[in-house]
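Following: one structure in structure tokens, then a few remarks.
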Amino acid sequence: MTAALPDAVRPAVPDAVRPAGSAAADVVYVEDLLADLQLERAGLPGRDPVPAARRVQQAASELADLGLSRFVAELRGETAPVPAPAAVLDLEADEDGRRASYEVWCAEARELTDEVWRWLTERRRAAGELPWWCGESALPLPHDSVRRLAEVTVPVRDLSEIAAAWARPAGLRGSATAEYNWRWLLLGKGVLGPSGGVSGGVSGEVLPPLNELITLLVGRARRRGLLPLAHKVKVLRRPNTPSMVMPVRLPGSSLLSLPTAVTPVTVQYLLHELAHLAEHALRPADAPLVERWTFDPLRSEGWALLLEQLAGSTAFLARLGIAEKTAAVLARFYAEEERFSRGLMAADLALDTDLAGCRSSAEALEAASAVATATGLGWAPELLLLRQTRVLHWRSYLAGYAWRDAVRAELDSRFCEADGQGEGEEGGWADREEAWALLRSALARTGAAGSAAGFLDALRLPEPTPRMPSTHRTPPTP
């Protein structure tokens, strides 16, 4: 499903017809160019008939002046590619089919092992003062956030108990923690039982269709002011693809890519990605261009984790039309899913540390095998090694959980404890319009103030001092 691009996404103006000496026209041109590059990256046509990749040559000096050259190079595929399998892990319900798909995926990952090891080694060798994984970002990261990302550490835990609990209602054969089932389990495909109902016999349609779910959650985001009415959302649905958001003509519209299948985690995915949409949409239009395209990964993922946590409220799920019993099962699953995901990312961080002492791809696989064994999932070591290419992402999540909890504590302290308010329909602060207004203000910050530290500072600002009452008495209104 795709929606038409909004009229607000204007075509780029060729150099020959742009007003001479107009800084505003230059900014519009470059921003439209970046938007078309993003669309082309997603496999969609831009608004200008001339391919954006060709127009980049004309705007090279402008992009360099704005500090966006490397970002553009990544969009054009000119930077060193990150090793990745071409095969897609097919998340179908048939266990034999899933096993076959997984074996293809593993085989390709094994072929990439040497390439992944070379890529990781080169990145570590090229790292300067900052950790090697900072090089994943095309734009500079705030130093305070880099420190938090570098310091995050979580012990690896045995995840087999959670995986086994998910496998029971799914009726999986053999070992519940078999590696070819873990991703299917992670998506919660079996949590509602093989009949489509919760384990225990409830059957029927328990989750809204994707179109309805998108409409409901986007509507809620707009009512909270997270998505201005003028901000357009272009939705791209593809089977077996991860969800993602790309800024398109900030702050006028965004591109949201979603898998076609609806699973229990789809509610979380949508909330998470809507948080990223809000972060794009609330950027001030008059902020410097490079600031509108720069995001602190710690703040971005932490804020998205804060919004997705609302799905843990049964009352929130009930407002989506989900039955109370099913909502309770889903809320419990979301809590388990967070523990499971954090466990996988802890394994990623542990392997990152261990790889520093490895001298060959064979040693790297041995280290990955040892870490995978600790999870109890029997995970193929080449897949764990492949995940190392996204360590910045995993660190952003793990540090983001702690940052999210700090933000929530600030919100609860400010909006709940003062008046004795307890957990509401979405959880304490989430019922207060003042809290959402404060979040919107924090999200609109850019530059240094738009970092994870700046966001927390915004939440701690004192409330405006109330105006002193006038000594002049006015008659009551009739």
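To be explicit about the labels: the chains of the structure tokens are called A, B, and onward in the order shown, and within each one the residues are counted from 1, while ligands get numbers from 1 in the order they are shown.
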If DSSP is run on the backbone, what residues of segment 115-251 of chain A are alpha helix (DSSP H)? A reply as a PyMOL selection string would be ideal. chain A and resi 115-126+143-151+160-170+182-186+210-223
Give me the residues near segment 209-218 of chain A as a list in words, where near means some atom within 8 Å (using only C-alpha atoms) and where sequence neighbours in that chain fewer than 4 positions away do not count.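 Near neighbours after the sequence-gap exclusion: Arg222, Leu227, Thr260, Ala261, Val262, Val267, Leu270, Leu271, Leu274 and Leu320 of chain A.
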Print the selection's residues with C-alpha atoms to a file, as a PDB file, in the first residue's frame.
ATOM      1  CA  ARG A 222      -2.282  13.544  15.968  1.00  0.00           C
ATOM      2  CA  LEU A 227       1.980  14.634  14.231  1.00  0.00           C
ATOM      3  CA  THR A 260       2.495  -6.488   5.599  1.00  0.00           C
ATOM      4  CA  ALA A 261       1.793  -9.120   8.273  1.00  0.00           C
ATOM      5  CA  VAL A 262       0.098  -8.176  11.535  1.00  0.00           C
ATOM      6  CA  VAL A 267       1.397  -2.583  17.772  1.00  0.00           C
ATOM      7  CA  LEU A 270       3.870   1.145  14.906  1.00  0.00           C
ATOM      8  CA  LEU A 271       4.183   3.060  18.177  1.00  0.00           C
ATOM      9  CA  LEU A 274       5.347   6.862  15.051  1.00  0.00           C
ATOM     10  CA  LEU A 320      -7.646  -0.350  19.901  1.00  0.00           C
TER      11      LEU A 320
END
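The residue set within 7 Å of segment 444-458 of chain A, counting only C-alpha atoms and dropping same-chain residues fewer than 2 places from it, reads Pro142, Ser145, Leu282, Arg283, Pro284, Glu291, Asp296, Leu298, Arg299, Val407, Arg440, Ser441, Ala442, Arg460 and Leu461 of chain A.
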12 Å contact set for Leu306 of chain A, only C-alpha atoms, chain neighbours under 5 positions out, as an MDAnalysis selection string: chainID A and resid 268 271:276 299:301 311:312 397 400:409 411 426:427 429:430 439
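Among A:Leu443, A:Leu383, A:Arg237, A:Gly135, the residue with the shortest atom-to-atom distance to Arg292 of chain A, counting only C-alpha atoms, is A:Leu443.
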